[in-house]
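S.K.: For reference, this is final_20.cif, and it has mmCIF, C-alpha atoms.
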data_upload
loop_
_atom_site.label_atom_id
_atom_site.label_comp_id
_atom_site.auth_asym_id
_atom_site.auth_seq_id
_atom_site.Cartn_x
_atom_site.Cartn_y
_atom_site.Cartn_z
CA MET A 277 0.00 0.00 0.00
CA CYS A 278 0.89 3.66 -0.39
CA ALA A 279 -0.94 6.47 1.43
CA ILE A 280 -2.36 9.92 0.75
CA LEU A 281 -3.36 12.29 3.55
CA GLY A 282 -5.80 15.08 2.68
CA ASN A 283 -5.65 18.07 5.00
CA LEU A 284 -7.88 20.57 3.21
CA GLN A 285 -10.81 20.99 5.60
CA ARG A 286 -11.15 24.55 6.86
CA TYR A 287 -13.87 25.16 9.41
CA GLN A 288 -14.82 28.68 10.44
CA ASP A 289 -16.17 27.21 13.68
CA LEU A 290 -12.62 26.17 14.67
CA MET A 291 -11.25 29.70 14.49
CA PRO A 292 -9.02 31.15 15.89
CA LEU A 293 -7.26 27.83 16.57
CA THR A 294 -6.84 27.12 12.84
CA GLU A 295 -6.00 30.68 11.81
CA ASN A 296 -2.41 29.81 10.84
CA ARG A 297 -2.33 26.04 11.16
CA PRO A 298 -4.22 23.11 9.61
CA LEU A 299 -6.72 21.13 11.65
CA SER A 300 -4.36 18.15 11.60
CA THR A 301 -1.66 19.88 13.70
CA LEU A 302 -3.99 20.93 16.53
CA LEU A 303 -2.86 19.78 19.97
CA PHE A 304 -4.43 16.61 21.36
CA ASP A 305 -4.13 15.25 24.91
CA CYS A 306 -1.19 17.47 25.93
CA LYS A 307 1.57 16.09 23.68
CA TYR A 308 0.03 14.67 20.48
CA ARG A 309 -1.18 16.28 17.26
CA LEU A 310 -4.22 14.98 15.38
CA LEU A 311 -1.92 14.16 12.46
CA ASP A 312 -0.05 11.67 14.66
CA PHE A 313 -2.92 9.19 14.49
CA ASN A 314 -3.02 8.98 10.69
CA LEU A 315 0.77 8.79 10.47
CA SER A 316 0.86 6.11 13.19
CA SER A 317 -1.77 4.00 11.40
CA ILE A 318 0.38 4.27 8.28
CA GLU A 319 3.56 3.27 10.14
CA ASN A 320 1.81 0.37 11.91
CA ALA A 321 0.69 -0.95 8.52
CA ASN A 322 4.32 -0.76 7.27
CA ILE A 323 3.38 1.70 4.53
CA LYS A 324 6.61 3.23 3.28
CA GLN A 325 5.47 6.27 1.28
CA VAL A 326 3.08 9.08 2.23
CA TYR A 327 1.79 11.93 0.08
CA MET A 328 0.29 14.81 2.09
CA ILE A 329 -1.85 17.63 0.71
CA PHE A 330 -2.09 20.92 2.62
CA ASN A 331 -3.40 24.41 2.04
CA GLU A 332 -0.98 27.19 1.20
CA GLY A 333 0.28 29.09 4.26
CA GLU A 334 -0.46 26.27 6.70
CA THR A 335 2.65 24.11 6.44
CA GLN A 336 4.99 25.73 8.98
CA SER A 337 3.45 23.86 11.92
CA VAL A 338 3.52 20.66 9.84
CA PHE A 339 7.28 20.86 9.24
CA ASP A 340 7.87 21.94 12.85
CA HIS A 341 6.11 18.80 14.05
CA ILE A 342 7.12 16.17 11.49
CA GLY A 343 10.72 17.32 10.99
CA GLY A 344 12.47 14.57 9.04
CA GLY A 345 9.76 12.03 9.85
CA LYS A 346 11.99 9.88 12.10
CA GLU A 347 9.30 9.05 14.68
CA TRP A 348 7.08 7.52 11.97
CA ASN A 349 9.96 5.80 10.16
CA LEU A 350 9.66 8.15 7.17
CA ASP A 351 13.31 9.26 7.02
CA GLY A 352 14.87 6.32 5.18
CA VAL A 353 15.95 5.79 1.58
CA GLN A 354 12.78 3.85 0.74
CA ASN A 355 10.52 5.36 3.40
CA ARG A 356 9.63 8.92 2.39
CA PHE A 357 6.95 11.59 2.62
CA PHE A 358 5.94 14.25 0.12
CA ILE A 359 4.03 17.48 0.75
CA HIS A 360 1.92 19.14 -1.94
CA LEU A 361 0.06 22.47 -1.81
CA PHE A 362 -3.57 22.24 -2.89
CA GLN A 363 -3.49 25.74 -4.38
CA ASP A 364 -0.90 24.57 -6.92
CA SER A 365 -3.46 22.11 -8.28
CA LEU A 366 -6.12 24.84 -8.41
CA LYS A 367 -3.76 27.11 -10.40
CA LYS A 368 -2.99 24.33 -12.87
CA GLN A 369 -6.70 23.58 -13.22
CA ALA A 370 -7.44 27.26 -13.93
CA GLU A 371 -4.69 27.28 -16.57
CA GLY A 372 -6.05 24.13 -18.24
CA GLN A 373 -3.06 21.99 -17.21
CA GLU A 374 -3.00 18.46 -15.76
CA TYR A 375 -3.76 19.36 -12.15
CA TYR A 376 -3.59 15.77 -10.88
CA TYR A 377 -0.15 15.27 -12.46
CA ASN A 378 1.79 15.27 -9.14
CA VAL A 379 -0.43 12.76 -7.37
CA ILE A 380 -0.55 10.49 -10.45
CA ASP A 381 3.25 10.66 -10.66
CA TYR A 382 3.47 9.69 -6.97
CA LEU A 383 1.07 6.77 -7.42
CA GLU A 384 2.88 5.43 -10.49
CA LYS A 385 6.30 5.63 -8.82
CA SER A 386 5.02 3.98 -5.62
CA LYS A 387 4.46 0.71 -7.53
CA SER A 388 1.83 -0.17 -4.91
CA ASP A 389 -1.16 -2.43 -5.49
CA HIS A 390 -3.47 -0.37 -3.26
CA THR A 391 -3.77 3.24 -2.14
CA VAL A 392 -5.14 4.42 1.20
CA PHE A 393 -6.62 7.92 1.48
CA MET A 394 -7.31 9.49 4.89
CA GLY A 395 -8.90 12.85 5.68
CA SER A 396 -7.86 15.03 8.62
CA LYS A 397 -10.90 15.71 10.81
CA ILE A 398 -11.61 12.14 11.95
CA LEU A 399 -9.65 11.00 15.00
CA CYS A 400 -9.29 7.22 15.30
CA ASN A 401 -6.70 4.47 15.59
CA ILE A 402 -7.51 2.22 12.65
CA ASP A 403 -5.70 -0.95 11.60
CA LEU A 404 -5.10 -0.43 7.88
CA ARG A 405 -3.90 -4.01 7.44
CA ALA A 406 -7.31 -5.27 8.59
CA LEU A 407 -8.95 -2.83 6.18
CA LEU A 408 -6.81 -4.20 3.33
CA LYS A 409 -7.79 -7.79 4.17
CA ILE A 410 -11.51 -6.96 4.15
CA HIS A 411 -11.07 -5.05 0.90
CA GLN A 412 -9.38 -8.05 -0.72
CA LEU A 413 -11.96 -10.52 0.61
CA GLN A 414 -14.87 -8.44 -0.72
CA GLY A 415 -13.23 -8.09 -4.11
CA ASN A 416 -14.44 -4.52 -4.64
CA GLU A 417 -12.56 -1.81 -6.51
CA MET A 418 -12.90 0.53 -3.54
CA THR A 419 -13.72 0.17 0.17
CA VAL A 420 -14.72 3.05 2.45
CA VAL A 421 -14.72 3.08 6.26
CA TYR A 422 -17.79 4.16 8.23
CA LYS A 423 -18.70 4.48 11.90
CA ARG A 424 -22.09 4.46 13.64
CA ILE A 425 -22.29 7.65 15.71
CA ASP A 426 -24.90 9.90 17.26
CA SER A 427 -26.37 12.39 14.79
CA ASP A 428 -25.53 15.20 17.24
CA HIS A 429 -21.86 14.72 16.30
CA VAL A 430 -22.25 15.35 12.57
CA SER A 431 -21.58 18.49 10.52
CA GLU A 432 -23.25 19.58 7.29
CA SER A 433 -20.07 18.78 5.36
CA ASP A 434 -20.25 15.10 6.33
CA LEU A 435 -21.40 12.23 4.16
CA LEU A 436 -23.74 9.58 5.61
CA PHE A 437 -24.48 6.05 4.42
CA ASN A 438 -27.70 4.08 4.30
CA VAL A 439 -26.63 0.49 4.96
CA ASP A 440 -28.78 -2.64 4.50
CA SER A 441 -29.06 -5.51 7.00
CA GLU A 442 -26.14 -7.34 5.40
CA GLY A 443 -23.80 -4.34 5.68
CA HIS A 444 -23.96 -3.31 2.01
CA LEU A 445 -24.12 0.29 0.87
CA GLU A 446 -27.56 1.36 -0.35
CA GLU A 447 -27.11 5.13 -0.65
CA ALA A 448 -24.72 7.96 0.22
CA ILE A 449 -26.40 11.19 1.34
CA GLN A 450 -25.24 14.61 2.53
CA ALA A 451 -25.68 15.17 6.26
CA LYS A 452 -28.16 17.71 7.59
CA LYS A 453 -28.06 19.49 10.93
CA GLY A 454 -31.00 19.15 13.26
CA GLU A 455 -31.51 15.38 13.12
CA VAL A 456 -31.20 14.90 16.85
CA GLY A 457 -30.95 11.70 18.89
CA SER A 458 -30.54 9.08 16.15
CA LEU A 459 -27.64 6.88 15.10
CA VAL A 460 -26.18 7.51 11.65
CA ASN A 461 -23.48 5.86 9.54
CA LEU A 462 -20.73 8.45 9.14
CA CYS A 463 -18.33 8.29 6.21
CA THR A 464 -14.88 8.66 7.82
CA ASP A 465 -13.20 9.72 4.55
CA ILE A 466 -10.87 6.72 4.83
CA PHE A 467 -10.73 4.92 1.48
CA ILE A 468 -8.74 2.04 0.05
CA ILE A 469 -8.71 1.58 -3.70
CA GLN A 470 -6.74 -0.31 -6.34
CA THR A 471 -3.93 2.04 -7.35
CA ASP A 472 -4.28 1.33 -11.09
CA ARG A 473 -7.99 2.10 -10.92
CA LEU A 474 -7.34 5.37 -9.05
CA ILE A 475 -4.76 6.49 -11.62
CA THR A 476 -7.19 5.78 -14.45
CA ALA A 477 -10.03 7.60 -12.66
CA LEU A 478 -7.83 10.67 -12.01
CA LYS A 479 -6.76 10.88 -15.63
CA GLU A 480 -10.36 10.56 -16.80
CA GLY A 481 -11.52 13.07 -14.18
CA GLN A 482 -9.10 15.84 -15.00
CA ALA A 483 -9.91 15.43 -18.70
CA VAL A 484 -13.51 16.46 -17.96
CA GLY A 485 -12.76 19.09 -15.28
CA ALA A 486 -13.51 17.06 -12.13
CA THR A 487 -12.88 18.57 -8.69
CA ALA A 488 -9.25 19.13 -7.71
CA ASP A 489 -10.07 18.08 -4.13
CA LEU A 490 -9.01 14.43 -3.98
CA GLY A 491 -11.17 13.67 -0.93
CA GLN A 492 -14.27 15.00 -2.67
CA PHE A 493 -13.23 13.16 -5.85
CA LEU A 494 -13.22 9.86 -3.95
CA ARG A 495 -16.59 10.64 -2.36
CA GLU A 496 -18.04 11.12 -5.84
CA MET A 497 -16.52 7.81 -6.94
CA ILE A 498 -18.64 5.95 -4.36
CA SER A 499 -21.73 6.17 -6.54
CA VAL A 500 -20.02 4.95 -9.72
CA GLU A 501 -17.50 2.38 -8.46
CA ASN A 502 -18.05 -1.09 -7.07
CA THR A 503 -17.74 0.08 -3.44
CA GLY A 504 -17.65 -2.01 -0.27
CA LEU A 505 -17.98 -0.89 3.37
CA TYR A 506 -15.84 -1.48 6.45
CA GLU A 507 -17.34 -0.68 9.85
CA TYR A 508 -14.89 0.76 12.38
CA THR A 509 -15.91 -0.08 15.95
CA GLY A 510 -13.18 1.56 18.06
CA TYR A 511 -13.09 5.05 19.56
CA LEU A 512 -13.68 7.75 16.95
CA SER A 513 -14.34 11.48 17.09
CA ASN A 514 -15.53 13.84 14.35
CA ILE A 515 -13.85 17.25 14.81
CA TYR A 516 -15.37 20.23 12.98
CA ASP A 517 -15.90 23.01 15.57
CA ILE A 518 -14.60 24.25 18.92
CA SER A 519 -17.12 22.23 20.90
CA SER A 520 -16.28 18.91 19.20
CA TYR A 521 -12.53 19.61 19.53
CA TYR A 522 -12.93 20.45 23.22
CA GLN A 523 -15.02 17.36 23.96
CA THR A 524 -12.62 15.06 22.08
CA ASN A 525 -9.79 16.18 24.33
CA MET A 526 -11.93 15.90 27.45
CA ASP A 527 -12.81 12.32 26.44
CA MET A 528 -9.21 11.39 27.27
CA LEU A 529 -9.94 11.97 30.96
CA ASP A 530 -12.29 8.98 30.70
CA VAL A 531 -10.03 5.98 31.29
CA HIS A 532 -12.05 3.69 28.99
CA LYS A 533 -11.93 6.08 26.02
CA PHE A 534 -8.29 6.92 26.71
CA THR A 535 -7.32 3.24 26.76
CA SER A 536 -9.42 2.42 23.69
CA LEU A 537 -7.71 5.07 21.58
CA LEU A 538 -4.13 5.14 22.86
CA TYR A 539 -3.57 1.65 24.22
CA SER A 540 -5.08 -0.62 21.60
CA ASN A 541 -2.84 -3.12 19.79
CA GLN A 542 -1.51 -0.22 17.69
CA LYS A 543 1.01 2.22 19.10
CA ILE A 544 0.66 5.98 18.56
CA TYR A 545 3.88 7.80 17.69
CA THR A 546 4.56 11.50 18.16
CA LYS A 547 7.46 13.95 18.09
CA LEU A 548 9.87 13.23 20.91
CA LYS A 549 10.95 15.99 23.28
CA ASN A 550 13.33 15.03 26.05
CA GLU A 551 12.47 17.40 28.89
CA VAL A 552 12.42 17.34 32.66
CA PRO A 553 9.29 15.85 34.28
CA THR A 554 6.48 18.11 35.45
CA TYR A 555 7.04 19.45 38.98
CA TYR A 556 4.21 19.52 41.53
CA SER A 557 4.87 21.73 44.55
CA GLU A 558 3.44 21.22 48.05
CA THR A 559 0.82 23.89 47.30
CA SER A 560 -0.47 22.08 44.20
CA GLU A 561 -3.77 20.21 44.12
CA VAL A 562 -4.47 18.05 41.06
CA LYS A 563 -7.57 15.99 40.24
CA ASN A 564 -8.13 13.85 37.12
CA SER A 565 -5.88 15.81 34.77
CA HIS A 566 -3.18 15.08 32.20
CA PHE A 567 0.16 16.90 31.98
CA ALA A 568 2.96 16.84 29.46
CA SER A 569 6.58 17.31 30.55
CA GLY A 570 8.32 20.49 31.69
CA CYS A 571 5.41 22.06 33.62
CA ILE A 572 5.50 23.69 37.06
CA VAL A 573 2.28 23.23 39.02
CA GLU A 574 1.80 25.23 42.21
CA GLY A 575 -1.97 25.86 42.05
CA MET A 576 -5.15 23.82 41.65
CA VAL A 577 -5.87 21.84 38.45
CA GLU A 578 -9.02 19.77 37.91
CA GLN A 579 -10.40 17.95 34.84
CA SER A 580 -7.84 19.62 32.55
CA LEU A 581 -5.19 18.86 29.93
CA VAL A 582 -1.96 20.83 30.21
CA ALA A 583 0.73 20.85 27.50
CA ARG A 584 4.49 21.28 27.81
CA ARG A 585 6.29 24.07 29.71
CA THR A 586 3.23 25.62 31.35
CA LYS A 587 3.52 27.30 34.75
CA ILE A 588 0.53 27.47 37.10
CA HIS A 589 1.29 29.78 40.04
CA PRO A 590 0.14 29.40 43.67
CA GLU A 591 -3.58 30.02 44.32
CA ALA A 592 -4.33 29.83 40.58
CA LYS A 593 -7.28 27.61 39.68
CA VAL A 594 -7.71 25.66 36.44
CA LYS A 595 -10.81 23.57 35.76
CA GLY A 596 -12.14 21.94 32.59
CA ALA A 597 -9.45 23.60 30.45
CA ILE A 598 -7.17 22.71 27.56
CA ILE A 599 -3.86 24.52 28.00
CA PHE A 600 -1.46 24.59 25.03
CA GLY A 601 2.32 24.89 25.48
CA ASN A 602 4.36 27.71 27.06
CA ASN A 603 1.47 29.23 28.99
CA GLU A 604 1.58 31.01 32.33
CA ILE A 605 -1.35 31.32 34.74
CA LYS A 606 -0.36 33.71 37.48
CA ALA A 607 -1.26 33.77 41.15
CA GLY A 608 -4.97 33.99 41.95
CA ALA A 609 -6.07 33.68 38.31
CA GLU A 610 -8.97 31.37 37.45
CA VAL A 611 -9.38 29.52 34.14
CA SER A 612 -12.44 27.34 33.65
CA TYR A 613 -13.92 25.69 30.54
CA ALA A 614 -11.45 27.41 28.23
CA ILE A 615 -8.89 26.62 25.53
CA LEU A 616 -5.65 28.61 25.82
CA ASP A 617 -3.51 28.57 22.68
CA LYS A 618 0.30 28.75 22.83
CA ASN A 619 2.25 31.46 24.68
CA VAL A 620 -0.74 32.85 26.63
CA THR A 621 -0.31 34.68 29.93
CA ILE A 622 -3.22 35.12 32.35
CA ALA A 623 -2.49 38.02 34.70
CA GLU A 624 -2.83 37.84 38.48
CA GLY A 625 -6.42 37.57 39.73
CA VAL A 626 -7.94 37.53 36.21
CA LYS A 627 -10.88 35.19 35.48
CA VAL A 628 -11.38 33.37 32.18
CA GLN A 629 -14.68 31.51 32.38
CA GLY A 630 -16.57 29.68 29.66
CA THR A 631 -19.04 26.80 29.83
CA LYS A 632 -18.85 23.09 28.96
CA ASP A 633 -20.98 23.66 25.86
CA ALA A 634 -19.26 26.90 24.83
CA PRO A 635 -15.62 26.98 25.98
CA ILE A 636 -13.79 30.27 25.61
CA VAL A 637 -10.79 30.34 23.23
CA ILE A 638 -7.84 32.62 23.99
CA LYS A 639 -5.70 33.34 20.92
CA LYS A 640 -2.02 32.53 20.60
CA ASN A 641 0.45 35.02 22.18
CA SER A 642 -2.30 36.80 24.17
CA HIS A 643 -1.68 38.57 27.49
CA VAL A 644 -5.03 38.59 29.30
CA THR A 645 -5.26 41.38 31.88
CA GLU A 646 -9.04 41.69 32.21
CA ASP A 647 -11.77 39.15 32.99
CA VAL A 648 -13.20 37.18 30.05
CA ILE A 649 -16.60 35.75 30.94
CA GLY A 650 -19.11 33.94 28.72
CA GLY A 651 -19.07 31.85 25.55
CA ALA A 652 -17.35 34.31 23.20
CA SER A 653 -13.83 33.81 21.87
CA ALA A 654 -11.12 36.29 22.84
#
Could you quickly redo this structure as structure tokens?
M.R.:
Amino acid sequence: MCAILGNLQRYQDLMPLTENRPLSTLLFDCKYRLLDFNLSSIENANIKQVYMIFNEGETQSVFDHIGGGKEWNLDGVQNRFFIHLFQDSLKKQAEGQEYYYNVIDYLEKSKSDHTVFMGSKILCNIDLRALLKIHQLQGNEMTVVYKRIDSDHVSESDLLFNVDSEGHLEEAIQAKKGEVGSLVNLCTDIFIIQTDRLITALKEGQAVGATADLGQFLREMISVENTGLYEYTGYLSNIYDISSYYQTNMDMLDVHKFTSLLYSNQKIYTKLKNEVPTYYSETSEVKNSHFASGCIVEGMVEQSLVARRTKIHPEAKVKGAIIFGNNEIKAGAEVSYAILDKNVTIAEGVKVQGTKDAPIVIKKNSHVTEDVIGGASA
């Protein structure tokens, strides 16, 4: 197999967290990035080549995190990764050129029998080898992964499946908001397809002006190809707004969900940072929280996730919060139901208070000197 990662989704409801970074490099559970889970699934399946598509202006955080790709075994002679800017394809399409040339070239040189495509907004720990086996047993040209989830956790950009009693695809429909309290079959935008068939389809598609978005191209292929389904039954989260991102992180404080995602039979790899352990002073009080390395905790922390090199001063209180790296919460400050991006300082005695359903987001590099109360972003 070879792999393609599509990282094109841009959601206004995730601002300002995705102002200068793609969704896939958002922090997860103190030390991971969402991208780690796709890359780890690829490494665990012994896939040697990865082609990643990003939007222009969003790759700095990608290179900062991936580096040479050592942690995912992508830094060898045969094991490599490639990064392509989506806007380059759009420019070629506008000029009447072969806008799928780069991805076709990658697929042909990979000499792989099958290609796996994975989107960026679905968080899961999927065994791609099991997916390949099911795909081969079913004998279809393409297989797509779906998950039964509550309709409350679906966005209007999602694709849903109607599935018959034998697990066969009947119909693919666009999701609609407002269908509350029912279970739906969510398309996870994880596809496996014969590489030769994908190359042929891309050549035919660009000849007639098909979409330059490869993820959308594969969605449209569902209705015309011989497509099978694979039901994923492990932990999965659909991230498309601040609330879903917040809740996905908070899920990791539930030991069953944490174990299901991070301690299955597949290891999750991330960028290594050798730092001193987090220090807890005698004045600290910590309840059901996760910390990365290099923090200094002197205040109270409850039901929170705290990333690297954060300092929480004496008499400071943190509850129900996601704290990115290099933050400082000074003495007497209170942070509850909030997401603090990188390099944020909360001044002494200042209150930042959101709610579980509407957490407050404090932008990167902010110095908060006045109270921020309510569900609005700062």
S.K.: Which one of A:Ala634, A:Lys618, A:Gly415, A:Tyr511 sits closest to His532 in chain A if you count all atoms listed in the file?
M.R.: A:Tyr511
S.K.: For CA of Tyr308 in chain A and CA of Arg495 in chain A, determine how far apart the two atoms are, in Å to one decimal place.
M.R.: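 We find that CA of Tyr308 in chain A and CA of Arg495 in chain A lie 28.5 Å from each other.
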S.K.: Would you kindly return, as a ChimeraX atom specification, each protein, DNA or RNA residue with an atom no farther than 12 Å from any atom of Glu446 in chain A, considering all atoms listed in the file and excluding same-chain residues fewer than 2 positions away?
M.R.: /A:436-444,448-449,461,498-499,502-505
S.K.: Taking into account all atoms listed in the file, which residue in the set A:Ile605, A:Ile544, A:Ile638, A:Leu478 is nearest to Tyr376 in chain A?
M.R.: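 Result for the nearest residue to Tyr376 in chain A: A:Leu478.
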S.K.: Would you mind telling me which residue in A:Ile318, A:His589, A:Ala488, A:Val500 lies nearest to Ser560 in chain A when using all atoms listed in the file?
M.R.: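 Distance minimum relative to Ser560 in chain A lands on A:His589.
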S.K.: Do you have, as JSON lines, the list of residues of range 396-458 of chain A lying at most 10 Å from range 298-302 of chain A, each with its nearest atom pair and that distance in Å to one decimal, counting all atoms listed in the file and ordered by chain then number?
M.R.:
{"residue": "A:Ser396", "atom": "CA", "partner": "A:Ser300", "partner_atom": "CA", "distance": 5.6}
{"residue": "A:Lys397", "atom": "CA", "partner": "A:Leu299", "partner_atom": "CA", "distance": 6.9}
{"residue": "A:Ile398", "atom": "CA", "partner": "A:Ser300", "partner_atom": "CA", "distance": 9.4}
{"residue": "A:Leu399", "atom": "CA", "partner": "A:Ser300", "partner_atom": "CA", "distance": 9.5}
S.K.: Write a file of the just-selected residues containing C-alpha atoms, as a PDB file, in the frame of the given file.
M.R.:
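Wrote again22.pdb, looks like this:
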ATOM      1  CA  SER A 396      -7.860  15.030   8.620  1.00  0.00           C
ATOM      2  CA  LYS A 397     -10.900  15.710  10.810  1.00  0.00           C
ATOM      3  CA  ILE A 398     -11.610  12.140  11.950  1.00  0.00           C
ATOM      4  CA  LEU A 399      -9.650  11.000  15.000  1.00  0.00           C
TER       5      LEU A 399
END
S.K.: Where does the PyMOL selection byres ((chain A and resi 555) around 10) land in this file, that is, which residues does it pick, as a PyMOL selection string?
M.R.: chain A and resi 552-554+556-558+560+569-574+587
S.K.: By how many Å are CA of Tyr377 in chain A and CA of Ser365 in chain A apart?
M.R.: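 These atoms are spaced 8.7 Å apart.
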S.K.: Report as an mmCIF file with C-alpha atoms, in the frame of the given file the residues that result from applying the PyMOL selection byres ((chain A and resi 284-287) around 8) to the structure here.
M.R.:
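Result written to out.cif:
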data_model
loop_
_atom_site.group_PDB
_atom_site.id
_atom_site.type_symbol
_atom_site.label_atom_id
_atom_site.label_comp_id
_atom_site.auth_asym_id
_atom_site.auth_seq_id
_atom_site.Cartn_x
_atom_site.Cartn_y
_atom_site.Cartn_z
ATOM 1 C CA GLY A 282 -5.800 15.080 2.680
ATOM 2 C CA ASN A 283 -5.650 18.070 5.000
ATOM 3 C CA GLN A 288 -14.820 28.680 10.440
ATOM 4 C CA ASP A 289 -16.170 27.210 13.680
ATOM 5 C CA LEU A 290 -12.620 26.170 14.670
ATOM 6 C CA MET A 291 -11.250 29.700 14.490
ATOM 7 C CA THR A 294 -6.840 27.120 12.840
ATOM 8 C CA PRO A 298 -4.220 23.110 9.610
ATOM 9 C CA LEU A 299 -6.720 21.130 11.650
ATOM 10 C CA ILE A 329 -1.850 17.630 0.710
ATOM 11 C CA PHE A 330 -2.090 20.920 2.620
ATOM 12 C CA ASN A 331 -3.400 24.410 2.040
ATOM 13 C CA PHE A 362 -3.570 22.240 -2.890
ATOM 14 C CA SER A 396 -7.860 15.030 8.620
ATOM 15 C CA LYS A 397 -10.900 15.710 10.810
ATOM 16 C CA TYR A 516 -15.370 20.230 12.980
ATOM 17 C CA ASP A 517 -15.900 23.010 15.570
#
S.K.: Calculate how many Å separate CA of Ala597 in chain A from CA of Gln629 in chain A, rounding to one decimal.
M.R.: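 Interatomic distance here is 9.7 Å.
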S.K.: I need the residue nearest Asp428 in chain A from this list: A:Leu494, A:Glu480, A:Asp465, A:Ser520. Use only C-alpha atoms for the distance.
M.R.: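 Among the listed residues, A:Ser520 lies closest to Asp428 in chain A.
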S.K.: Identify which of the residues A:Thr631, A:Gln542, A:Ser642, A:Gln482 lies closest to Ser519 in chain A, counting all atoms listed in the file when measuring atom-to-atom distances.
M.R.: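 Among the listed residues, A:Thr631 lies closest to Ser519 in chain A.
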S.K.: Using all atoms listed in the file, which residues sit within 9 Å of Arg584 in chain A once same-chain residues fewer than 5 positions away are excluded, as a PyMOL selection string?
M.R.: chain A and resi 306-307+551+554+567-571+599-603
S.K.: Expand the PyMOL selection byres ((chain A and resi 538) around 12) into the individual residues it matches in the shown file, reporting them as a PyMOL selection string.
M.R.: chain A and resi 304-305+308+312-313+316-317+399-402+510-512+527-528+530-537+539-546
S.K.: Gln450 in chain A: which residues within 8 Å, counting all atoms listed in the file, same-chain residues fewer than 2 positions away excluded, as a JSON list (two decimals) with C-alpha atoms, in the frame of the given file?
M.R.:
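Output contents, as saved in selection.json:
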[["chain", "number", "residue", "atom", "x", "y", "z"],
["A", 432, "GLU", "CA", -23.25, 19.58, 7.29],
["A", 433, "SER", "CA", -20.07, 18.78, 5.36],
["A", 434, "ASP", "CA", -20.25, 15.10, 6.33],
["A", 435, "LEU", "CA", -21.40, 12.23, 4.16],
["A", 436, "LEU", "CA", -23.74, 9.58, 5.61],
["A", 448, "ALA", "CA", -24.72, 7.96, 0.22],
["A", 452, "LYS", "CA", -28.16, 17.71, 7.59]]
S.K.: In terms of the shortest atom-to-atom distance over all atoms listed in the file, which of A:Leu548, A:Met576, A:Ile469, A:Val484 is closest to Ile342 in chain A?
M.R.: A:Leu548
S.K.: What lies within 9 Å of range 647-650 of chain A using all atoms listed in the file, ignoring chain neighbours under 3 positions off, as a list in words?
M.R.: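 Using all atoms listed in the file, the neighbours found are Gly625, Val626, Lys627, Val628, Gln629, Gly630, Thr631, Ala634, Pro635, Ile636, Val644, Ser653 and Ala654 of chain A.
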S.K.: Using only C-alpha atoms, determine which residues lie at most 10 Å from Glu417 in chain A, disregarding the query and same-chain residues fewer than 4 positions distant; provide the list as a PyMOL selection string.
M.R.: chain A and resi 390+411-412+468-474+501-504
